[in-house]
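Shown here: run-v6.tsv, TSV, N, CA and C atoms and all ligand atoms.
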chain	number	residue	atom	x	y	z
W	12	MET	N	-70.69	96.33	-90.86
W	12	MET	CA	-71.51	95.32	-91.53
W	12	MET	C	-70.76	94.77	-92.74
W	13	LYS	N	-70.88	93.45	-92.88
W	13	LYS	CA	-70.23	92.81	-94.02
W	13	LYS	C	-70.91	93.23	-95.32
W	14	PHE	N	-70.12	93.52	-96.32
W	14	PHE	CA	-70.68	93.92	-97.60
W	14	PHE	C	-71.07	92.70	-98.43
W	15	ILE	N	-70.15	91.77	-98.62
W	15	ILE	CA	-70.51	90.55	-99.35
W	15	ILE	C	-70.29	89.33	-98.46
W	16	GLU	N	-71.20	88.41	-98.58
W	16	GLU	CA	-71.17	87.23	-97.73
W	16	GLU	C	-70.90	86.00	-98.60
W	17	TRP	N	-70.00	85.17	-98.11
W	17	TRP	CA	-69.70	83.93	-98.81
W	17	TRP	C	-70.86	82.96	-98.64
W	18	CYS	N	-71.20	82.21	-99.69
W	18	CYS	CA	-72.22	81.17	-99.49
W	18	CYS	C	-71.90	79.93	-100.33
W	19	GLY	N	-72.52	78.82	-99.98
W	19	GLY	CA	-72.23	77.54	-100.60
W	19	GLY	C	-72.40	77.52	-102.11
W	20	LEU	N	-73.23	78.38	-102.60
W	20	LEU	CA	-73.48	78.48	-104.04
W	20	LEU	C	-72.21	78.84	-104.81
W	21	LEU	N	-71.30	79.47	-104.09
W	21	LEU	CA	-70.07	79.96	-104.73
W	21	LEU	C	-68.94	78.93	-104.68
W	22	GLN	N	-69.22	77.83	-104.02
W	22	GLN	CA	-68.23	76.76	-103.86
W	22	GLN	C	-67.88	76.13	-105.20
W	23	ILE	N	-66.59	75.97	-105.46
W	23	ILE	CA	-66.15	75.33	-106.69
W	23	ILE	C	-65.88	73.84	-106.44
W	24	GLY	N	-65.40	73.54	-105.26
W	24	GLY	CA	-65.12	72.14	-104.94
W	24	GLY	C	-63.64	71.82	-104.91
W	25	HIS	N	-62.81	72.83	-105.06
W	25	HIS	CA	-61.37	72.64	-104.93
W	25	HIS	C	-60.90	73.46	-103.73
W	26	PRO	N	-60.22	72.80	-102.76
W	26	PRO	CA	-59.90	73.49	-101.51
W	26	PRO	C	-59.09	74.77	-101.67
W	27	VAL	N	-58.09	74.74	-102.56
W	27	VAL	CA	-57.25	75.94	-102.73
W	27	VAL	C	-58.06	77.08	-103.33
W	28	ILE	N	-58.82	76.75	-104.36
W	28	ILE	CA	-59.61	77.79	-105.03
W	28	ILE	C	-60.69	78.35	-104.10
W	29	ASP	N	-61.38	77.47	-103.40
W	29	ASP	CA	-62.44	77.96	-102.50
W	29	ASP	C	-61.86	78.84	-101.39
W	30	GLU	N	-60.69	78.46	-100.91
W	30	GLU	CA	-60.07	79.27	-99.86
W	30	GLU	C	-59.64	80.63	-100.41
W	31	GLN	N	-59.08	80.62	-101.62
W	31	GLN	CA	-58.65	81.89	-102.21
W	31	GLN	C	-59.85	82.80	-102.49
W	32	HIS	N	-60.95	82.20	-102.96
W	32	HIS	CA	-62.15	83.01	-103.19
W	32	HIS	C	-62.61	83.66	-101.89
W	33	GLN	N	-62.58	82.87	-100.82
W	33	GLN	CA	-63.02	83.42	-99.53
W	33	GLN	C	-62.08	84.53	-99.05
W	34	THR	N	-60.79	84.37	-99.33
W	34	THR	CA	-59.84	85.43	-98.98
W	34	THR	C	-60.15	86.69	-99.78
W	35	LEU	N	-60.45	86.52	-101.06
W	35	LEU	CA	-60.82	87.69	-101.88
W	35	LEU	C	-62.04	88.40	-101.30
W	36	PHE	N	-63.01	87.63	-100.87
W	36	PHE	CA	-64.21	88.22	-100.25
W	36	PHE	C	-63.83	89.01	-98.99
W	37	LYS	N	-62.94	88.42	-98.20
W	37	LYS	CA	-62.51	89.06	-96.96
W	37	LYS	C	-61.84	90.40	-97.24
W	38	ILE	N	-60.93	90.40	-98.23
W	38	ILE	CA	-60.21	91.65	-98.54
W	38	ILE	C	-61.19	92.69	-99.09
W	39	ILE	N	-62.13	92.23	-99.91
W	39	ILE	CA	-63.13	93.16	-100.46
W	39	ILE	C	-63.97	93.76	-99.33
W	40	ASN	N	-64.36	92.93	-98.38
W	40	ASN	CA	-65.13	93.45	-97.23
W	40	ASN	C	-64.32	94.47	-96.43
W	41	GLN	N	-63.02	94.17	-96.31
W	41	GLN	CA	-62.15	95.11	-95.59
W	41	GLN	C	-62.07	96.44	-96.33
W	42	PHE	N	-61.90	96.34	-97.64
W	42	PHE	CA	-61.82	97.55	-98.48
W	42	PHE	C	-63.11	98.37	-98.36
W	43	HIS	N	-64.22	97.68	-98.41
W	43	HIS	CA	-65.52	98.35	-98.29
W	43	HIS	C	-65.65	99.04	-96.94
W	44	GLN	N	-65.18	98.33	-95.90
W	44	GLN	CA	-65.20	98.91	-94.55
W	44	GLN	C	-64.33	100.16	-94.46
W	45	ASP	N	-63.13	100.07	-95.06
W	45	ASP	CA	-62.22	101.23	-95.07
W	45	ASP	C	-62.91	102.43	-95.71
W	46	LEU	N	-63.57	102.18	-96.83
W	46	LEU	CA	-64.24	103.27	-97.54
W	46	LEU	C	-65.38	103.84	-96.69
W	47	GLU	N	-66.10	102.95	-96.03
W	47	GLU	CA	-67.20	103.42	-95.18
W	47	GLU	C	-66.68	104.26	-94.02
W	48	ASP	N	-65.53	103.85	-93.50
W	48	ASP	CA	-64.97	104.55	-92.35
W	48	ASP	C	-64.46	105.94	-92.70
W	49	ASN	N	-63.68	106.00	-93.77
W	49	ASN	CA	-63.14	107.35	-94.05
W	49	ASN	C	-63.18	107.72	-95.53
W	50	LYS	N	-64.07	107.02	-96.23
W	50	LYS	CA	-64.31	107.30	-97.66
W	50	LYS	C	-63.09	107.05	-98.57
W	51	THR	N	-62.06	107.84	-98.44
W	51	THR	CA	-60.86	107.53	-99.23
W	51	THR	C	-59.68	107.53	-98.28
W	52	GLY	N	-58.52	107.63	-98.81
W	52	GLY	CA	-57.36	107.69	-97.94
W	52	GLY	C	-56.47	106.48	-98.06
W	53	LYS	N	-55.35	106.58	-97.38
W	53	LYS	CA	-54.28	105.60	-97.47
W	53	LYS	C	-54.73	104.19	-97.15
W	54	THR	N	-55.52	104.04	-96.07
W	54	THR	CA	-55.91	102.71	-95.63
W	54	THR	C	-56.66	101.98	-96.73
W	55	ALA	N	-57.63	102.64	-97.34
W	55	ALA	CA	-58.41	102.00	-98.40
W	55	ALA	C	-57.51	101.65	-99.59
W	56	VAL	N	-56.61	102.55	-99.92
W	56	VAL	CA	-55.71	102.29	-101.06
W	56	VAL	C	-54.80	101.11	-100.75
W	57	ASN	N	-54.31	101.04	-99.51
W	57	ASN	CA	-53.47	99.90	-99.12
W	57	ASN	C	-54.23	98.58	-99.22
W	58	THR	N	-55.47	98.58	-98.77
W	58	THR	CA	-56.27	97.36	-98.85
W	58	THR	C	-56.52	97.00	-100.31
W	59	LEU	N	-56.74	98.02	-101.12
W	59	LEU	CA	-56.96	97.77	-102.55
W	59	LEU	C	-55.70	97.19	-103.19
W	60	ASN	N	-54.54	97.66	-102.76
W	60	ASN	CA	-53.28	97.08	-103.26
W	60	ASN	C	-53.19	95.60	-102.91
W	61	LYS	N	-53.60	95.29	-101.69
W	61	LYS	CA	-53.59	93.90	-101.22
W	61	LYS	C	-54.53	93.07	-102.10
W	62	LEU	N	-55.70	93.63	-102.38
W	62	LEU	CA	-56.70	92.94	-103.21
W	62	LEU	C	-56.13	92.67	-104.60
W	63	ILE	N	-55.48	93.67	-105.18
W	63	ILE	CA	-54.94	93.52	-106.52
W	63	ILE	C	-53.88	92.42	-106.56
W	64	SER	N	-52.96	92.45	-105.61
W	64	SER	CA	-51.90	91.43	-105.68
W	64	SER	C	-52.44	90.04	-105.37
W	65	PHE	N	-53.39	89.95	-104.43
W	65	PHE	CA	-53.93	88.61	-104.15
W	65	PHE	C	-54.77	88.11	-105.33
W	66	ALA	N	-55.50	89.00	-105.96
W	66	ALA	CA	-56.32	88.59	-107.11
W	66	ALA	C	-55.42	88.08	-108.24
W	67	GLN	N	-54.30	88.76	-108.46
W	67	GLN	CA	-53.41	88.32	-109.53
W	67	GLN	C	-52.85	86.94	-109.24
W	68	LYS	N	-52.50	86.72	-107.98
W	68	LYS	CA	-52.01	85.39	-107.58
W	68	LYS	C	-53.12	84.35	-107.80
W	69	HIS	N	-54.32	84.71	-107.35
W	69	HIS	CA	-55.44	83.78	-107.49
W	69	HIS	C	-55.69	83.42	-108.96
W	70	PHE	N	-55.70	84.42	-109.83
W	70	PHE	CA	-55.98	84.15	-111.24
W	70	PHE	C	-54.94	83.19	-111.82
W	71	THR	N	-53.68	83.42	-111.50
W	71	THR	CA	-52.61	82.53	-111.99
W	71	THR	C	-52.81	81.11	-111.46
W	72	ASP	N	-53.06	80.99	-110.17
W	72	ASP	CA	-53.25	79.66	-109.57
W	72	ASP	C	-54.48	78.96	-110.18
W	73	GLU	N	-55.54	79.72	-110.33
W	73	GLU	CA	-56.78	79.15	-110.85
W	73	GLU	C	-56.60	78.65	-112.30
W	74	GLU	N	-55.88	79.43	-113.09
W	74	GLU	CA	-55.64	79.03	-114.48
W	74	GLU	C	-54.85	77.72	-114.51
W	75	LYS	N	-53.87	77.61	-113.62
W	75	LYS	CA	-53.04	76.40	-113.58
W	75	LYS	C	-53.88	75.20	-113.09
W	76	ILE	N	-54.61	75.40	-112.01
W	76	ILE	CA	-55.38	74.30	-111.43
W	76	ILE	C	-56.46	73.82	-112.41
W	77	SER	N	-57.18	74.75	-113.01
W	77	SER	CA	-58.25	74.33	-113.93
W	77	SER	C	-57.66	73.60	-115.14
W	78	SER	N	-56.51	74.07	-115.60
W	78	SER	CA	-55.84	73.41	-116.71
W	78	SER	C	-55.39	71.99	-116.31
W	79	ASP	N	-54.83	71.86	-115.11
W	79	ASP	CA	-54.42	70.54	-114.61
W	79	ASP	C	-55.59	69.57	-114.52
W	80	PHE	N	-56.78	70.10	-114.29
W	80	PHE	CA	-57.96	69.24	-114.17
W	80	PHE	C	-58.64	69.00	-115.51
W	81	GLY	N	-58.02	69.46	-116.58
W	81	GLY	CA	-58.52	69.13	-117.92
W	81	GLY	C	-59.49	70.15	-118.51
W	82	PHE	N	-59.52	71.35	-117.96
W	82	PHE	CA	-60.33	72.42	-118.55
W	82	PHE	C	-59.73	72.70	-119.94
W	83	PRO	N	-60.53	72.56	-121.01
W	83	PRO	CA	-59.97	72.66	-122.37
W	83	PRO	C	-59.28	74.00	-122.66
W	84	ASP	N	-58.22	73.92	-123.51
W	84	ASP	CA	-57.43	75.11	-123.82
W	84	ASP	C	-58.24	76.29	-124.31
W	85	GLU	N	-59.21	76.00	-125.20
W	85	GLU	CA	-59.98	77.13	-125.77
W	85	GLU	C	-60.79	77.86	-124.67
W	86	ASN	N	-61.26	77.08	-123.71
W	86	ASN	CA	-61.98	77.71	-122.59
W	86	ASN	C	-61.02	78.47	-121.68
W	87	LEU	N	-59.84	77.88	-121.53
W	87	LEU	CA	-58.83	78.50	-120.67
W	87	LEU	C	-58.37	79.84	-121.24
W	88	VAL	N	-58.18	79.87	-122.55
W	88	VAL	CA	-57.77	81.12	-123.22
W	88	VAL	C	-58.80	82.21	-122.94
W	89	GLU	N	-60.06	81.82	-123.07
W	89	GLU	CA	-61.17	82.75	-122.82
W	89	GLU	C	-61.15	83.24	-121.36
W	90	HIS	N	-60.98	82.28	-120.46
W	90	HIS	CA	-60.96	82.61	-119.02
W	90	HIS	C	-59.79	83.55	-118.69
W	91	LYS	N	-58.63	83.28	-119.31
W	91	LYS	CA	-57.46	84.14	-119.07
W	91	LYS	C	-57.73	85.57	-119.53
W	92	LYS	N	-58.39	85.69	-120.68
W	92	LYS	CA	-58.72	87.02	-121.20
W	92	LYS	C	-59.61	87.77	-120.23
W	93	ILE	N	-60.58	87.04	-119.67
W	93	ILE	CA	-61.50	87.67	-118.71
W	93	ILE	C	-60.74	88.11	-117.46
W	94	HIS	N	-59.81	87.26	-117.00
W	94	HIS	CA	-58.99	87.65	-115.85
W	94	HIS	C	-58.18	88.93	-116.16
W	95	GLU	N	-57.63	88.98	-117.37
W	95	GLU	CA	-56.85	90.18	-117.75
W	95	GLU	C	-57.73	91.42	-117.67
W	96	GLN	N	-58.95	91.27	-118.15
W	96	GLN	CA	-59.90	92.40	-118.10
W	96	GLN	C	-60.20	92.80	-116.65
W	97	LEU	N	-60.37	91.77	-115.79
W	97	LEU	CA	-60.65	92.06	-114.37
W	97	LEU	C	-59.50	92.83	-113.74
W	98	VAL	N	-58.28	92.47	-114.12
W	98	VAL	CA	-57.11	93.17	-113.58
W	98	VAL	C	-57.11	94.62	-114.06
W	99	MET	N	-57.39	94.82	-115.35
W	99	MET	CA	-57.44	96.19	-115.87
W	99	MET	C	-58.53	97.00	-115.16
W	100	ASP	N	-59.67	96.37	-114.95
W	100	ASP	CA	-60.79	97.06	-114.30
W	100	ASP	C	-60.44	97.47	-112.87
W	101	ILE	N	-59.76	96.57	-112.15
W	101	ILE	CA	-59.45	96.88	-110.75
W	101	ILE	C	-58.37	97.96	-110.67
W	102	PHE	N	-57.47	97.98	-111.67
W	102	PHE	CA	-56.47	99.06	-111.71
W	102	PHE	C	-57.15	100.40	-111.95
W	103	GLU	N	-58.18	100.37	-112.77
W	103	GLU	CA	-58.94	101.61	-113.03
W	103	GLU	C	-59.59	102.11	-111.73
W	104	LEU	N	-60.15	101.16	-110.98
W	104	LEU	CA	-60.76	101.53	-109.70
W	104	LEU	C	-59.69	102.12	-108.78
W	105	HIS	N	-58.51	101.49	-108.82
W	105	HIS	CA	-57.39	101.95	-107.99
W	105	HIS	C	-57.05	103.41	-108.32
W	106	THR	N	-56.96	103.71	-109.60
W	106	THR	CA	-56.66	105.08	-110.02
W	106	THR	C	-57.74	106.03	-109.50
W	107	ALA	N	-58.99	105.62	-109.68
W	107	ALA	CA	-60.10	106.47	-109.26
W	107	ALA	C	-60.08	106.72	-107.75
W	108	VAL	N	-59.87	105.64	-106.99
W	108	VAL	CA	-59.89	105.77	-105.53
W	108	VAL	C	-58.69	106.57	-105.02
W	109	SER	N	-57.53	106.39	-105.66
W	109	SER	CA	-56.34	107.12	-105.23
W	109	SER	C	-56.49	108.61	-105.45
W	110	LYS	N	-57.13	108.96	-106.56
W	110	LYS	CA	-57.23	110.38	-106.92
W	110	LYS	C	-58.37	111.10	-106.20
W	111	ALA	N	-59.45	110.38	-106.00
W	111	ALA	CA	-60.67	111.03	-105.53
W	111	ALA	C	-60.58	111.50	-104.09
W	112	SER	N	-61.21	112.62	-103.81
W	112	SER	CA	-61.30	113.06	-102.42
W	112	SER	C	-62.59	112.48	-101.81
W	113	GLU	N	-63.48	112.10	-102.69
W	113	GLU	CA	-64.72	111.47	-102.25
W	113	GLU	C	-65.11	110.41	-103.26
W	114	VAL	N	-65.60	109.26	-102.78
W	114	VAL	CA	-65.98	108.21	-103.73
W	114	VAL	C	-67.48	107.95	-103.66
W	115	ASP	N	-67.99	107.44	-104.76
W	115	ASP	CA	-69.39	107.05	-104.80
W	115	ASP	C	-69.47	105.59	-104.35
W	116	LEU	N	-69.82	105.40	-103.09
W	116	LEU	CA	-69.79	104.06	-102.50
W	116	LEU	C	-70.75	103.11	-103.22
W	117	GLU	N	-71.87	103.64	-103.63
W	117	GLU	CA	-72.87	102.82	-104.30
W	117	GLU	C	-72.31	102.29	-105.63
W	118	GLU	N	-71.61	103.16	-106.32
W	118	GLU	CA	-71.00	102.78	-107.60
W	118	GLU	C	-69.93	101.70	-107.38
W	119	ILE	N	-69.16	101.87	-106.33
W	119	ILE	CA	-68.10	100.91	-106.02
W	119	ILE	C	-68.69	99.56	-105.61
W	120	ARG	N	-69.79	99.61	-104.88
W	120	ARG	CA	-70.47	98.36	-104.50
W	120	ARG	C	-70.91	97.59	-105.73
W	121	THR	N	-71.50	98.29	-106.67
W	121	THR	CA	-71.94	97.64	-107.90
W	121	THR	C	-70.74	97.06	-108.65
W	122	PHE	N	-69.69	97.85	-108.73
W	122	PHE	CA	-68.49	97.38	-109.42
W	122	PHE	C	-67.95	96.10	-108.79
W	123	LEU	N	-67.78	96.13	-107.47
W	123	LEU	CA	-67.19	94.98	-106.77
W	123	LEU	C	-68.06	93.73	-106.85
W	124	THR	N	-69.37	93.94	-106.79
W	124	THR	CA	-70.28	92.80	-106.89
W	124	THR	C	-70.12	92.13	-108.25
W	125	ASN	N	-70.11	92.94	-109.30
W	125	ASN	CA	-69.92	92.37	-110.63
W	125	ASN	C	-68.54	91.75	-110.76
W	126	TRP	N	-67.57	92.45	-110.21
W	126	TRP	CA	-66.17	92.07	-110.37
W	126	TRP	C	-65.91	90.67	-109.78
W	127	ILE	N	-66.41	90.42	-108.58
W	127	ILE	CA	-66.10	89.13	-107.94
W	127	ILE	C	-67.26	88.13	-108.00
W	128	ILE	N	-68.43	88.52	-107.56
W	128	ILE	CA	-69.50	87.52	-107.43
W	128	ILE	C	-69.92	86.98	-108.80
W	129	LEU	N	-70.15	87.87	-109.74
W	129	LEU	CA	-70.57	87.39	-111.05
W	129	LEU	C	-69.49	86.54	-111.71
W	130	HIS	N	-68.24	86.92	-111.49
W	130	HIS	CA	-67.15	86.14	-112.08
W	130	HIS	C	-67.11	84.72	-111.50
W	131	VAL	N	-67.19	84.63	-110.20
W	131	VAL	CA	-67.14	83.30	-109.56
W	131	VAL	C	-68.37	82.48	-109.98
W	132	LEU	N	-69.52	83.13	-109.95
W	132	LEU	CA	-70.77	82.41	-110.26
W	132	LEU	C	-70.86	81.95	-111.70
W	133	ILE	N	-70.43	82.80	-112.61
W	133	ILE	CA	-70.60	82.48	-114.03
W	133	ILE	C	-69.34	81.89	-114.66
W	134	GLU	N	-68.24	82.63	-114.57
W	134	GLU	CA	-67.04	82.18	-115.29
W	134	GLU	C	-66.32	81.03	-114.58
W	135	ASP	N	-66.10	81.16	-113.28
W	135	ASP	CA	-65.41	80.08	-112.57
W	135	ASP	C	-66.26	78.81	-112.54
W	136	ASN	N	-67.54	79.02	-112.61
W	136	ASN	CA	-68.45	77.87	-112.61
W	136	ASN	C	-68.24	76.97	-113.83
W	137	LYS	N	-67.66	77.55	-114.88
W	137	LYS	CA	-67.48	76.79	-116.13
W	137	LYS	C	-66.43	75.68	-116.02
W	138	TYR	N	-65.48	75.81	-115.11
W	138	TYR	CA	-64.49	74.72	-114.98
W	138	TYR	C	-64.84	73.79	-113.80
W	139	LYS	N	-65.89	74.14	-113.07
W	139	LYS	CA	-66.30	73.36	-111.90
W	139	LYS	C	-66.53	71.89	-112.25
W	140	ALA	N	-67.16	71.64	-113.37
W	140	ALA	CA	-67.47	70.27	-113.78
W	140	ALA	C	-66.20	69.42	-113.92
W	141	TYR	N	-65.10	70.06	-114.33
W	141	TYR	CA	-63.85	69.31	-114.51
W	141	TYR	C	-63.23	68.94	-113.18
W	142	ILE	N	-63.45	69.77	-112.17
W	142	ILE	CA	-62.91	69.49	-110.83
W	142	ILE	C	-63.65	68.27	-110.27
W	143	PHE	N	-64.93	68.21	-110.49
W	143	PHE	CA	-65.74	67.11	-109.97
W	143	PHE	C	-65.43	65.78	-110.63
W	144	LYS	N	-65.03	65.85	-111.90
W	144	LYS	CA	-64.77	64.63	-112.68
W	144	LYS	C	-63.65	63.79	-112.11
W	145	LYS	N	-62.62	64.45	-111.53
W	145	LYS	CA	-61.45	63.70	-111.07
W	145	LYS	C	-61.66	63.05	-109.72
X	201	FE	FE	-61.70	82.61	-109.28
X	202	FE	FE	-61.68	83.04	-112.68

As structure tokens - that is how I would like this structure written.
Ligand SMILES: [Fe+2]
Ligand SMILES: [Fe+2]
Amino acid sequence: MKFIEWCGLLQIGHPVIDEQHQTLFKIINQFHQDLEDNKTGKTAVNTLNKLISFAQKHFTDEEKISSDFGFPDENLVEHKKIHEQLVMDIFELHTAVSKASEVDLEEIRTFLTNWIILHVLIEDNKYKAYIFKK
């Protein structure tokens, strides 16, 4: 079963960004599936590695694209800081998942939901208006 489902509400309106967000959702669903299948282990950690590297690429691309579309510097600085925090948070999850022999799936679900959905809905939504303007 899919853990998180993409929906139109999450659409930013920029093809590259929307596609990257959907890829992030896909990798997160895969990671969740890995955990459901065998709780911890190499496969889940590998998927988490994939998520971390793709997320870092996405954050860099998003910062550049939103800036190109006129998202003001002061907002961009704030957004970058939030991305840095997201990276630190996901590394923490990585450490926890790598070490643990058993994970609390419910806790991880809450973490991932906040990590991606709330970020896209609230923070990424802040530059959406600039994408529409052009
Ligand atoms: Fe994003
Ligand atoms: Fe973002």

(message) What does the list of residues within 7 Å of ligand FE 201 (chain X) look like if you count only C-alpha atoms and all ligand atoms, written as a PyMOL selection string?
(response) chain W and resi 28+32+69-70+73+131+135

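With distances taken over only C-alpha atoms and all ligand atoms, W:Leu87 is the one residue among W:Val114, W:Leu87, W:Ile39, W:Ile63 lying closest to ligand FE 202 (chain X).
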
(request) Rank nothing, just name the residue among W:Thr124, W:Ser109, W:Gln33, W:Ser77 nearest to Val56 (chain W), using only C-alpha atoms. (result)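 Ranked by minimum distance to Val56 (chain W), first place goes to W:Ser109.
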
Please extract the residues at most 12 Å from ligand FE 202 (chain X), counting only C-alpha atoms and all ligand atoms, and provide them as a compact mmCIF listing (two decimals) with N, CA and C atoms, keeping the file's coordinate frame, using the chain letters and residue numbers of this document.
# COMPACT_ATOMS: atom_id res chain seq x y z
N LEU W 21 -71.30 79.47 -104.09
CA LEU W 21 -70.07 79.96 -104.73
C LEU W 21 -68.94 78.93 -104.68
N ILE W 23 -66.59 75.97 -105.46
CA ILE W 23 -66.15 75.33 -106.69
C ILE W 23 -65.88 73.84 -106.44
N ILE W 28 -58.82 76.75 -104.36
CA ILE W 28 -59.61 77.79 -105.03
C ILE W 28 -60.69 78.35 -104.10
N ASP W 29 -61.38 77.47 -103.40
CA ASP W 29 -62.44 77.96 -102.50
C ASP W 29 -61.86 78.84 -101.39
N GLN W 31 -59.08 80.62 -101.62
CA GLN W 31 -58.65 81.89 -102.21
C GLN W 31 -59.85 82.80 -102.49
N HIS W 32 -60.95 82.20 -102.96
CA HIS W 32 -62.15 83.01 -103.19
C HIS W 32 -62.61 83.66 -101.89
N LEU W 35 -60.45 86.52 -101.06
CA LEU W 35 -60.82 87.69 -101.88
C LEU W 35 -62.04 88.40 -101.30
N ALA W 66 -55.50 89.00 -105.96
CA ALA W 66 -56.32 88.59 -107.11
C ALA W 66 -55.42 88.08 -108.24
N GLN W 67 -54.30 88.76 -108.46
CA GLN W 67 -53.41 88.32 -109.53
C GLN W 67 -52.85 86.94 -109.24
N LYS W 68 -52.50 86.72 -107.98
CA LYS W 68 -52.01 85.39 -107.58
C LYS W 68 -53.12 84.35 -107.80
N HIS W 69 -54.32 84.71 -107.35
CA HIS W 69 -55.44 83.78 -107.49
C HIS W 69 -55.69 83.42 -108.96
N PHE W 70 -55.70 84.42 -109.83
CA PHE W 70 -55.98 84.15 -111.24
C PHE W 70 -54.94 83.19 -111.82
N THR W 71 -53.68 83.42 -111.50
CA THR W 71 -52.61 82.53 -111.99
C THR W 71 -52.81 81.11 -111.46
N ASP W 72 -53.06 80.99 -110.17
CA ASP W 72 -53.25 79.66 -109.57
C ASP W 72 -54.48 78.96 -110.18
N GLU W 73 -55.54 79.72 -110.33
CA GLU W 73 -56.78 79.15 -110.85
C GLU W 73 -56.60 78.65 -112.30
N GLU W 74 -55.88 79.43 -113.09
CA GLU W 74 -55.64 79.03 -114.48
C GLU W 74 -54.85 77.72 -114.51
N LYS W 75 -53.87 77.61 -113.62
CA LYS W 75 -53.04 76.40 -113.58
C LYS W 75 -53.88 75.20 -113.09
N ILE W 76 -54.61 75.40 -112.01
CA ILE W 76 -55.38 74.30 -111.43
C ILE W 76 -56.46 73.82 -112.41
N SER W 77 -57.18 74.75 -113.01
CA SER W 77 -58.25 74.33 -113.93
C SER W 77 -57.66 73.60 -115.14
N SER W 78 -56.51 74.07 -115.60
CA SER W 78 -55.84 73.41 -116.71
C SER W 78 -55.39 71.99 -116.31
N ASN W 86 -61.26 77.08 -123.71
CA ASN W 86 -61.98 77.71 -122.59
C ASN W 86 -61.02 78.47 -121.68
N LEU W 87 -59.84 77.88 -121.53
CA LEU W 87 -58.83 78.50 -120.67
C LEU W 87 -58.37 79.84 -121.24
N VAL W 88 -58.18 79.87 -122.55
CA VAL W 88 -57.77 81.12 -123.22
C VAL W 88 -58.80 82.21 -122.94
N GLU W 89 -60.06 81.82 -123.07
CA GLU W 89 -61.17 82.75 -122.82
C GLU W 89 -61.15 83.24 -121.36
N HIS W 90 -60.98 82.28 -120.46
CA HIS W 90 -60.96 82.61 -119.02
C HIS W 90 -59.79 83.55 -118.69
N LYS W 91 -58.63 83.28 -119.31
CA LYS W 91 -57.46 84.14 -119.07
C LYS W 91 -57.73 85.57 -119.53
N LYS W 92 -58.39 85.69 -120.68
CA LYS W 92 -58.72 87.02 -121.20
C LYS W 92 -59.61 87.77 -120.23
N ILE W 93 -60.58 87.04 -119.67
CA ILE W 93 -61.50 87.67 -118.71
C ILE W 93 -60.74 88.11 -117.46
N HIS W 94 -59.81 87.26 -117.00
CA HIS W 94 -58.99 87.65 -115.85
C HIS W 94 -58.18 88.93 -116.16
N GLU W 95 -57.63 88.98 -117.37
CA GLU W 95 -56.85 90.18 -117.75
C GLU W 95 -57.73 91.42 -117.67
N GLN W 96 -58.95 91.27 -118.15
CA GLN W 96 -59.90 92.40 -118.10
C GLN W 96 -60.20 92.80 -116.65
N LEU W 97 -60.37 91.77 -115.79
CA LEU W 97 -60.65 92.06 -114.37
C LEU W 97 -59.50 92.83 -113.74
N VAL W 98 -58.28 92.47 -114.12
CA VAL W 98 -57.11 93.17 -113.58
C VAL W 98 -57.11 94.62 -114.06
N TRP W 126 -67.57 92.45 -110.21
CA TRP W 126 -66.17 92.07 -110.37
C TRP W 126 -65.91 90.67 -109.78
N ILE W 127 -66.41 90.42 -108.58
CA ILE W 127 -66.10 89.13 -107.94
C ILE W 127 -67.26 88.13 -108.00
N ILE W 128 -68.43 88.52 -107.56
CA ILE W 128 -69.50 87.52 -107.43
C ILE W 128 -69.92 86.98 -108.80
N LEU W 129 -70.15 87.87 -109.74
CA LEU W 129 -70.57 87.39 -111.05
C LEU W 129 -69.49 86.54 -111.71
N HIS W 130 -68.24 86.92 -111.49
CA HIS W 130 -67.15 86.14 -112.08
C HIS W 130 -67.11 84.72 -111.50
N VAL W 131 -67.19 84.63 -110.20
CA VAL W 131 -67.14 83.30 -109.56
C VAL W 131 -68.37 82.48 -109.98
N LEU W 132 -69.52 83.13 -109.95
CA LEU W 132 -70.77 82.41 -110.26
C LEU W 132 -70.86 81.95 -111.70
N ILE W 133 -70.43 82.80 -112.61
CA ILE W 133 -70.60 82.48 -114.03
C ILE W 133 -69.34 81.89 -114.66
N GLU W 134 -68.24 82.63 -114.57
CA GLU W 134 -67.04 82.18 -115.29
C GLU W 134 -66.32 81.03 -114.58
N ASP W 135 -66.10 81.16 -113.28
CA ASP W 135 -65.41 80.08 -112.57
C ASP W 135 -66.26 78.81 -112.54
N ASN W 136 -67.54 79.02 -112.61
CA ASN W 136 -68.45 77.87 -112.61
C ASN W 136 -68.24 76.97 -113.83
N LYS W 137 -67.66 77.55 -114.88
CA LYS W 137 -67.48 76.79 -116.13
C LYS W 137 -66.43 75.68 -116.02
N TYR W 138 -65.48 75.81 -115.11
CA TYR W 138 -64.49 74.72 -114.98
C TYR W 138 -64.84 73.79 -113.80
N LYS W 139 -65.89 74.14 -113.07
CA LYS W 139 -66.30 73.36 -111.90
C LYS W 139 -66.53 71.89 -112.25

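Restricting the calculation to only C-alpha atoms, the smallest distance between Gln22 (chain W) and any of W:Ser112, W:Ala140, W:Asn57, W:Thr106 is found for W:Ala140.
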
(message) Just to confirm, what's the straight-line distance from atom N of Lys110 (chain W) to atom N of Ile38 (chain W) in Å (one decimal)?
(response) 20.7 Å

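The coordinates place atom C of Tyr141 (chain W) at 15.4 Å from CA of Glu85 (chain W).
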
(request) For atom C of Met12 (chain W) and atom C of Asp48 (chain W), determine how far apart the two atoms are, in Å to one decimal place. (result)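 One can read the atom C of Met12 (chain W) to atom C of Asp48 (chain W) distance as 12.8 Å.
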
(request) Select from region 25-137 of chain W everything DSSP, run on the backbone, classes as alpha helix (DSSP H), then give the selection as a VMD selection string. (result) chain W and resid 26 to 49 53 to 79 84 to 110 116 to 123 136 to 137

(request) Choose the residue, out of W:Phe122, W:Ile142, W:Ala111, W:Leu116, that has the smallest atom-to-atom separation from Leu46 (chain W); count only C-alpha atoms. (result)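 Smallest distance to Leu46 (chain W) is found for W:Leu116.
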
(message) Neighbouring residues of Phe42 (chain W) were defined as those with any atom within 6.5 Å, considering all atoms listed in the file; residues of the same chain fewer than 4 positions away were excluded. Please report them as a ChimeraX atom specification.
(response) /W:37-38,46-47,55,58-59
